[in-house]
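work.cif (mmCIF, C-alpha atoms) appears below.
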```cif
data_final
loop_
_atom_site.label_atom_id
_atom_site.label_comp_id
_atom_site.auth_asym_id
_atom_site.auth_seq_id
_atom_site.Cartn_x
_atom_site.Cartn_y
_atom_site.Cartn_z
CA MET A 1 5.43 117.92 192.13
CA TRP A 2 7.84 115.80 190.09
CA PHE A 3 9.94 113.46 192.28
CA VAL A 4 13.57 112.93 191.25
CA ALA A 5 15.27 110.13 193.15
CA THR A 6 18.78 110.66 194.53
CA LEU A 7 21.46 108.38 195.91
CA LYS A 8 20.38 109.40 199.39
CA ASP A 9 16.80 108.23 198.74
CA ILE A 10 18.02 104.84 197.58
CA ALA A 11 20.48 104.54 200.47
CA LYS A 12 17.77 105.39 203.04
CA GLU A 13 15.34 102.77 201.71
CA ALA A 14 18.05 100.12 201.30
CA GLU A 15 19.51 100.93 204.74
CA VAL A 16 23.04 101.26 203.38
CA THR A 17 25.50 104.14 202.94
CA VAL A 18 25.45 106.53 199.99
CA MET A 19 28.92 105.23 199.07
CA THR A 20 27.55 101.69 198.83
CA VAL A 21 24.77 102.86 196.51
CA SER A 22 27.30 104.77 194.40
CA ASN A 23 29.45 101.64 194.07
CA VAL A 24 26.47 99.59 192.91
CA ILE A 25 25.27 102.24 190.44
CA ASN A 26 28.78 102.48 188.95
CA GLY A 27 29.26 98.72 188.72
CA LYS A 28 31.84 98.39 191.51
CA PHE A 29 30.61 95.18 193.09
CA ASP A 30 33.85 93.89 194.64
CA LYS A 31 33.11 95.41 198.08
CA VAL A 32 29.33 94.86 198.04
CA SER A 33 27.50 91.61 198.75
CA PRO A 34 25.33 90.12 195.98
CA ALA A 35 22.24 90.54 198.15
CA THR A 36 22.95 94.26 198.64
CA VAL A 37 23.60 94.70 194.90
CA ALA A 38 20.26 93.10 194.11
CA ARG A 39 18.40 95.18 196.72
CA VAL A 40 19.94 98.50 195.64
CA THR A 41 19.39 97.74 191.94
CA GLU A 42 15.73 96.90 192.53
CA ILE A 43 15.11 100.08 194.54
CA ALA A 44 16.87 102.22 191.92
CA ARG A 45 14.72 100.65 189.21
CA ARG A 46 11.51 101.16 191.17
CA LEU A 47 12.35 104.79 191.96
CA ASP A 48 13.28 105.34 188.28
CA TYR A 49 16.69 106.64 189.31
CA VAL A 50 18.69 108.30 186.52
CA PRO A 51 22.42 108.82 187.20
CA SER A 52 23.71 112.36 186.76
CA ALA A 53 25.78 112.51 183.59
CA THR A 54 27.66 115.52 184.97
CA ALA A 55 28.57 113.78 188.21
CA ARG A 56 29.66 110.62 186.44
CA SER A 57 31.82 112.57 184.01
CA LEU A 58 33.58 114.31 186.90
CA VAL A 59 34.34 111.02 188.59
CA ALA A 60 35.52 109.34 185.39
CA LYS A 61 37.24 112.46 184.04
CA SER A 62 35.26 111.92 180.86
CA SER A 63 32.29 113.83 179.48
CA ARG A 64 30.95 110.76 177.63
CA LEU A 65 30.16 113.24 174.85
CA VAL A 66 31.14 112.56 171.24
CA GLY A 67 30.64 115.30 168.69
CA VAL A 68 29.42 114.89 165.13
CA LEU A 69 30.56 118.08 163.44
CA LEU A 70 29.29 119.29 160.05
CA PRO A 71 29.79 122.48 158.01
CA ALA A 72 27.21 125.22 158.56
CA SER A 73 27.13 128.74 157.14
CA GLU A 74 26.72 131.81 159.33
CA SER A 75 23.20 132.41 158.00
CA GLU A 76 21.91 128.86 157.51
CA GLY A 77 21.73 125.67 159.54
CA ILE A 78 23.26 122.28 158.93
CA PHE A 79 22.41 120.67 155.59
CA LEU A 80 21.56 117.03 156.25
CA SER A 81 21.51 114.95 153.08
CA SER A 82 19.77 111.57 153.03
CA HIS A 83 23.24 110.03 153.21
CA ASN A 84 24.17 111.99 156.35
CA VAL A 85 20.86 111.26 158.06
CA VAL A 86 21.50 107.52 157.77
CA VAL A 87 25.12 107.79 158.90
CA ILE A 88 24.36 110.02 161.91
CA GLY A 89 21.48 107.76 162.95
CA VAL A 90 23.78 104.74 163.06
CA ILE A 91 26.50 106.70 164.91
CA GLU A 92 24.00 107.83 167.58
CA ARG A 93 22.68 104.31 168.15
CA LEU A 94 26.14 102.77 168.47
CA LEU A 95 27.34 105.51 170.83
CA ARG A 96 24.21 105.10 172.96
CA GLU A 97 24.83 101.36 173.21
CA LYS A 98 28.33 102.12 174.52
CA GLY A 99 27.13 104.67 177.07
CA TYR A 100 28.08 107.80 175.13
CA TYR A 101 26.01 110.82 174.12
CA LEU A 102 26.05 112.51 170.71
CA LEU A 103 26.44 116.26 170.25
CA LEU A 104 25.40 117.34 166.72
CA ARG A 105 27.05 120.66 165.97
CA GLY A 106 27.35 122.89 162.93
CA ILE A 107 30.71 124.58 162.38
CA SER A 108 30.81 127.72 160.23
CA ALA A 109 34.57 127.38 159.61
CA ALA A 110 36.79 124.33 159.96
CA ASP A 111 39.16 126.15 162.29
CA GLY A 112 36.28 126.32 164.77
CA VAL A 113 36.67 122.61 165.44
CA ALA A 114 39.29 123.18 168.15
CA GLY A 115 37.06 125.63 170.01
CA THR A 116 34.12 123.22 169.90
CA LEU A 117 36.23 120.38 171.27
CA LYS A 118 37.33 122.48 174.22
CA SER A 119 34.06 124.29 174.91
CA TRP A 120 32.08 121.07 175.16
CA ASN A 121 34.89 118.95 176.65
CA LEU A 122 34.29 116.30 174.00
CA ASP A 123 35.87 112.87 174.43
CA GLY A 124 36.12 112.62 170.65
CA ALA A 125 34.52 113.80 167.42
CA ILE A 126 33.56 112.62 163.94
CA LEU A 127 33.78 115.20 161.12
CA ILE A 128 31.47 114.90 158.12
CA GLY A 129 31.29 116.99 154.97
CA PHE A 130 34.32 119.27 155.26
CA LEU A 131 36.46 120.01 152.20
CA ASP A 132 39.86 118.33 152.11
CA SER A 133 41.54 121.74 151.98
CA GLU A 134 39.75 122.73 155.19
CA ILE A 135 40.83 119.52 156.91
CA GLN A 136 44.39 119.88 155.65
CA ASN A 137 44.70 123.41 157.03
CA LEU A 138 43.47 122.69 160.54
CA ARG A 139 45.99 123.54 163.20
CA ALA A 140 47.91 120.71 164.82
CA THR A 141 47.78 119.22 167.29
CA PHE A 142 44.64 117.92 168.94
CA ASP A 143 44.57 115.93 172.15
CA THR A 144 41.03 114.79 171.35
CA PRO A 145 40.66 111.72 169.07
CA LEU A 146 39.13 112.66 165.71
CA VAL A 147 37.76 110.63 162.79
CA VAL A 148 37.01 112.26 159.42
CA LEU A 149 34.57 110.63 157.00
CA GLU A 150 35.14 110.78 153.24
CA SER A 151 38.39 112.72 153.28
CA TYR A 152 41.53 112.34 151.21
CA ALA A 153 43.44 114.89 153.28
CA THR A 154 46.49 113.69 155.20
CA HIS A 155 46.66 114.99 158.75
CA VAL A 156 48.60 113.47 161.64
CA ASP A 157 45.80 114.27 164.10
CA PHE A 158 43.01 112.47 162.25
CA MET A 159 41.89 108.98 161.39
CA THR A 160 39.94 108.76 158.12
CA VAL A 161 37.24 106.39 156.93
CA ARG A 162 36.36 106.57 153.25
CA LEU A 163 35.22 104.52 150.30
CA ASN A 164 37.15 103.32 147.30
CA ASP A 165 35.48 106.09 145.31
CA ARG A 166 37.67 105.70 142.23
CA ASP A 167 36.74 102.05 141.93
CA GLY A 168 33.07 102.99 142.32
CA GLY A 169 33.27 105.42 139.41
CA TYR A 170 35.16 102.81 137.39
CA GLN A 171 32.61 100.05 138.11
CA ALA A 172 29.64 102.26 137.20
CA THR A 173 31.14 103.39 133.90
CA LYS A 174 32.46 99.96 132.95
CA TYR A 175 28.98 98.53 133.52
CA LEU A 176 27.47 101.09 131.14
CA ILE A 177 30.15 100.37 128.55
CA GLY A 178 29.50 96.65 128.95
CA ASN A 179 25.86 97.34 128.06
CA GLY A 180 26.89 98.93 124.78
CA HIS A 181 27.01 102.62 125.76
CA ARG A 182 29.77 104.85 124.35
CA LYS A 183 28.32 108.32 124.93
CA ILE A 184 28.33 108.51 128.72
CA ALA A 185 27.95 111.73 130.70
CA PHE A 186 29.34 112.42 134.17
CA VAL A 187 27.05 114.29 136.61
CA GLY A 188 28.50 115.56 139.89
CA THR A 189 29.56 118.52 141.99
CA PRO A 190 32.49 120.81 141.05
CA MET A 191 35.92 119.15 141.37
CA ALA A 192 38.35 121.94 142.19
CA GLU A 193 40.32 119.69 144.54
CA ARG A 194 40.86 116.04 145.30
CA GLY A 195 37.87 114.53 147.02
CA VAL A 196 34.97 112.13 146.66
CA ASP A 197 33.63 113.39 143.31
CA ARG A 198 37.13 113.92 141.89
CA GLU A 199 38.00 110.30 142.66
CA ARG A 200 34.74 109.03 141.15
CA TYR A 201 35.45 111.13 138.07
CA GLU A 202 38.94 109.65 137.77
CA GLY A 203 37.39 106.17 137.88
CA TYR A 204 34.93 107.22 135.17
CA LEU A 205 37.82 108.44 132.99
CA ALA A 206 39.80 105.24 133.60
CA ALA A 207 36.93 103.08 132.35
CA LEU A 208 36.50 105.25 129.23
CA GLN A 209 40.21 105.07 128.48
CA GLU A 210 40.29 101.31 129.01
CA ALA A 211 37.46 100.94 126.47
CA GLY A 212 39.24 103.13 123.92
CA ILE A 213 36.69 105.96 124.17
CA THR A 214 38.74 109.05 123.37
CA GLU A 215 36.07 111.74 122.89
CA GLU A 216 36.06 114.69 125.28
CA PRO A 217 34.06 113.63 128.37
CA THR A 218 30.64 115.22 128.80
CA VAL A 219 30.52 116.68 132.32
CA ILE A 220 27.33 118.18 133.72
CA PRO A 221 28.20 120.02 136.97
CA CYS A 222 25.74 120.45 139.83
CA PRO A 223 26.32 123.15 142.48
CA ALA A 224 25.24 120.77 145.25
CA VAL A 225 23.90 117.27 145.83
CA SER A 226 20.12 117.48 145.89
CA HIS A 227 17.10 116.16 144.06
CA ALA A 228 16.38 119.64 142.66
CA MET A 229 19.91 119.94 141.25
CA GLY A 230 19.46 116.52 139.66
CA VAL A 231 16.23 117.61 138.00
CA GLU A 232 17.93 120.66 136.51
CA ALA A 233 20.83 118.53 135.29
CA GLY A 234 18.40 116.04 133.73
CA MET A 235 16.64 118.81 131.82
CA ARG A 236 20.00 120.14 130.52
CA LEU A 237 21.11 116.64 129.59
CA GLY A 238 17.88 115.91 127.71
CA GLN A 239 17.75 119.22 125.84
CA LYS A 240 21.41 119.95 125.05
CA PHE A 241 23.01 116.52 124.68
CA PRO A 242 20.73 114.35 122.52
CA GLU A 243 23.68 112.10 121.59
CA ILE A 244 24.18 110.95 125.21
CA THR A 245 22.75 107.48 125.88
CA ALA A 246 23.86 107.06 129.51
CA ALA A 247 24.98 109.01 132.57
CA PHE A 248 26.83 108.24 135.78
CA ALA A 249 25.67 110.42 138.70
CA THR A 250 27.86 110.63 141.80
CA ALA A 251 24.90 110.44 144.21
CA ASP A 252 21.50 108.72 144.18
CA GLN A 253 19.76 112.01 144.96
CA LEU A 254 21.19 113.46 141.76
CA ALA A 255 20.39 110.29 139.80
CA VAL A 256 16.74 110.21 140.85
CA GLY A 257 16.47 113.92 140.01
CA LEU A 258 18.07 113.20 136.63
CA ILE A 259 15.35 110.68 135.85
CA GLU A 260 12.63 113.21 136.66
CA GLY A 261 14.34 115.97 134.69
CA LEU A 262 14.75 113.74 131.65
CA TYR A 263 11.07 112.71 131.81
CA SER A 264 10.04 116.38 131.91
CA VAL A 265 11.68 117.01 128.53
CA GLY A 266 10.36 113.84 126.91
CA ARG A 267 13.33 111.50 127.44
CA GLN A 268 12.63 108.09 128.96
CA VAL A 269 14.82 106.07 131.35
CA PRO A 270 16.18 103.61 130.39
CA ASP A 271 14.76 103.58 126.83
CA ASP A 272 16.45 106.86 125.82
CA VAL A 273 19.02 107.42 128.57
CA SER A 274 20.43 104.90 131.05
CA ILE A 275 21.37 106.05 134.57
CA VAL A 276 23.70 104.70 137.26
CA GLY A 277 23.86 106.33 140.70
CA PHE A 278 26.03 106.05 143.79
CA ASP A 279 25.13 105.34 147.45
CA ASP A 280 22.25 102.82 147.27
CA LEU A 281 19.98 104.91 149.48
CA GLU A 282 16.38 103.82 150.01
CA ILE A 283 15.25 106.11 147.18
CA ALA A 284 17.31 104.03 144.72
CA ALA A 285 15.15 100.94 145.22
CA THR A 286 11.87 102.90 145.16
CA ALA A 287 12.70 105.08 142.12
CA ARG A 288 10.83 104.55 138.87
CA PRO A 289 12.54 102.74 137.32
CA PRO A 290 14.50 101.21 140.23
CA LEU A 291 18.00 102.66 140.09
CA THR A 292 21.14 100.70 139.27
CA THR A 293 23.74 102.11 141.64
CA ILE A 294 27.05 101.69 143.39
CA THR A 295 26.33 100.59 146.92
CA GLN A 296 28.23 101.75 149.92
CA ASN A 297 27.50 100.13 153.26
CA LEU A 298 26.55 103.24 155.24
CA LYS A 299 26.09 101.24 158.43
CA GLN A 300 29.55 99.73 158.06
CA LYS A 301 31.08 103.15 157.42
CA ALA A 302 29.43 104.63 160.51
CA ALA A 303 30.30 101.61 162.64
CA THR A 304 33.94 101.71 161.52
CA ALA A 305 34.19 105.38 162.48
CA VAL A 306 32.67 104.75 165.91
CA ASP A 307 34.89 101.70 166.56
CA LEU A 308 38.05 103.60 165.65
CA LEU A 309 37.07 106.57 167.79
CA LEU A 310 36.08 104.60 170.90
CA HIS A 311 39.11 102.33 170.71
CA THR A 312 41.31 105.42 170.59
CA ILE A 313 39.45 107.03 173.50
CA GLN A 314 39.64 103.91 175.64
CA SER A 315 43.06 102.55 174.64
CA SER A 316 46.57 103.85 174.13
CA LEU A 317 47.10 101.52 171.17
CA ASP A 318 47.48 103.19 167.77
CA GLN A 319 44.62 102.81 165.30
CA PRO A 320 44.98 102.79 161.50
CA GLN A 321 45.23 106.31 160.08
CA GLU A 322 43.20 105.42 156.98
CA THR A 323 40.48 102.83 156.45
CA VAL A 324 39.20 102.28 152.89
CA LEU A 325 35.92 100.39 152.37
CA ASP A 326 35.02 98.50 149.21
CA VAL A 327 32.00 99.24 147.02
CA LYS A 328 30.02 97.16 144.53
CA LEU A 329 27.41 97.65 141.83
CA ILE A 330 23.75 96.81 142.46
CA GLU A 331 21.92 96.03 139.22
CA ARG A 332 18.30 97.14 138.91
CA LYS A 333 16.24 98.51 136.00
CA SER A 334 17.66 101.91 134.99
CA VAL A 335 20.14 100.69 132.36
CA ARG A 336 19.25 99.54 128.85
CA ASN A 337 21.41 97.00 127.08
CA LEU A 338 22.33 98.39 123.64
CA ASN A 339 24.39 95.40 122.56
CA PRO A 340 23.12 93.57 119.47
CA VAL A 341 21.08 90.49 120.22
CA VAL A 342 23.01 87.40 119.24
CA PRO A 343 20.81 84.95 117.31
#
```

Give the structure from this file in structure tokens form.
Amino acid sequence: MWFVATLKDIAKEAEVTVMTVSNVINGKFDKVSPATVARVTEIARRLDYVPSATARSLVAKSSRLVGVLLPASESEGIFLSSHNVVVIGVIERLLREKGYYLLLRGISAADGVAGTLKSWNLDGAILIGFLDSEIQNLRATFDTPLVVLESYATHVDFMTVRLNDRDGGYQATKYLIGNGHRKIAFVGTPMAERGVDRERYEGYLAALQEAGITEEPTVIPCPAVSHAMGVEAGMRLGQKFPEITAAFATADQLAVGLIEGLYSVGRQVPDDVSIVGFDDLEIAATARPPLTTITQNLKQKAATAVDLLLHTIQSSLDQPQETVLDVKLIERKSVRNLNPVVP
């Protein structure tokens, strides 16, 4: 039979009261001698005592639960992109180091956020992947601290952490122009509202305008961010737009798919078409050829979200409503220089 140690077991062996053991377990050493602290700690370690999260939450009036909430349809589960996997992994580790637990939850409609917060008694939550219009329309007000990643929505109840997406699109396109490219396609998801891809597109347009490129932009829409969507876009690009010499893709998954799709229709990267991505995921460095991309520090983004959330949970001091992180271009081997060689 599996033995589960209790406070009473520790107290009996240490010959102290249950209250004394509870004080030691919860770090309240002011009324306990150092010798007793050492003895109780050693017994608890030897008995493999695990404190009850439920009991501790009742005492502290805190669940120690932080939710990571993502969109999920009624019929399908959560879609975890490579980007989200990295971010959630960092969030979980940082929360664990601070003594918190992560609840990963799919929400079929943004207005279900309030119900999730109450049902699970969450201390706070981080929202990933919701449309700005969904965030904007959420009912005010929430007592639970909330951080939204990659949102341009303004909401008094949320703190936001996002990238300088417009500058990322600008840097990518300017780099291609600097390498002699004038026919540059934009590959991304539909842009019906302001958001990540819309901002990256605006940066793309700004770089074209700055360079005096006035032709109608070539936009190749993808229904979603995935390798398969990138492959389809690459095949369309290679077959229907032979004049295009370069493309900026708003995600590395799309960019790597683009390369494969172009190869499948006889177009080589970077000899025929140059590609720049966005994210600097692991697949960017291992792609063939290695992908030039706009890097975002995913660990920094996740850490910033966790820091903001925990500071708000633990302190009454106001935190910044919006935090914008810088991006930069990482040069690899997926862009060909078309500029004339100077003798």

Checklist entry - Pick from A:Ile25, A:Leu65, A:Leu131, A:Val18: nearest to Arg194 of chain A, with all atoms listed in the file counted? => result A:Leu131

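Here atom CA of Asp9 of chain A stands at a distance of 9.9 Å from atom CA of Val21 of chain A.
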
Item to check | Selection under test: the PyMOL selection byres ((chain A and resi 87) around 12); residues as a PyMOL selection string | outcome: chain A and resi 68+80-86+88-94+126-129+149-150+279+281+296-306

Checklist entry - For this file, the PyMOL selection byres ((chain A and resi 190) around 8) selects which residues, as a ChimeraX atom specification? => result /A:188-189,191-192,197,221-223

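Across A:Leu309, A:Leu7, A:Leu104, A:Val341, the tightest approach to Phe158 of chain A is made by A:Leu309 when counting only C-alpha atoms.
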
Item to check | Interatomic distance (Å, one decimal) between atom CA of Asn179 of chain A and atom CA of Thr218 of chain A | outcome: 18.5 Å

Item to check | Between atom CA of Arg96 of chain A and atom CA of Gln314 of chain A - distance in Å to one decimal | outcome: 15.7 Å

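Candidate residues A:Ser151, A:Leu122, A:Gly112, A:Thr292 were compared for distance to Leu138 of chain A, and the nearest is A:Gly112, using only C-alpha atoms.
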
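Comparing the minimum interatomic distances between Tyr49 of chain A and each of A:Thr6, A:Asn339, A:Ser133, A:Gln171, counting all atoms listed in the file, we find that A:Thr6 sits nearest.
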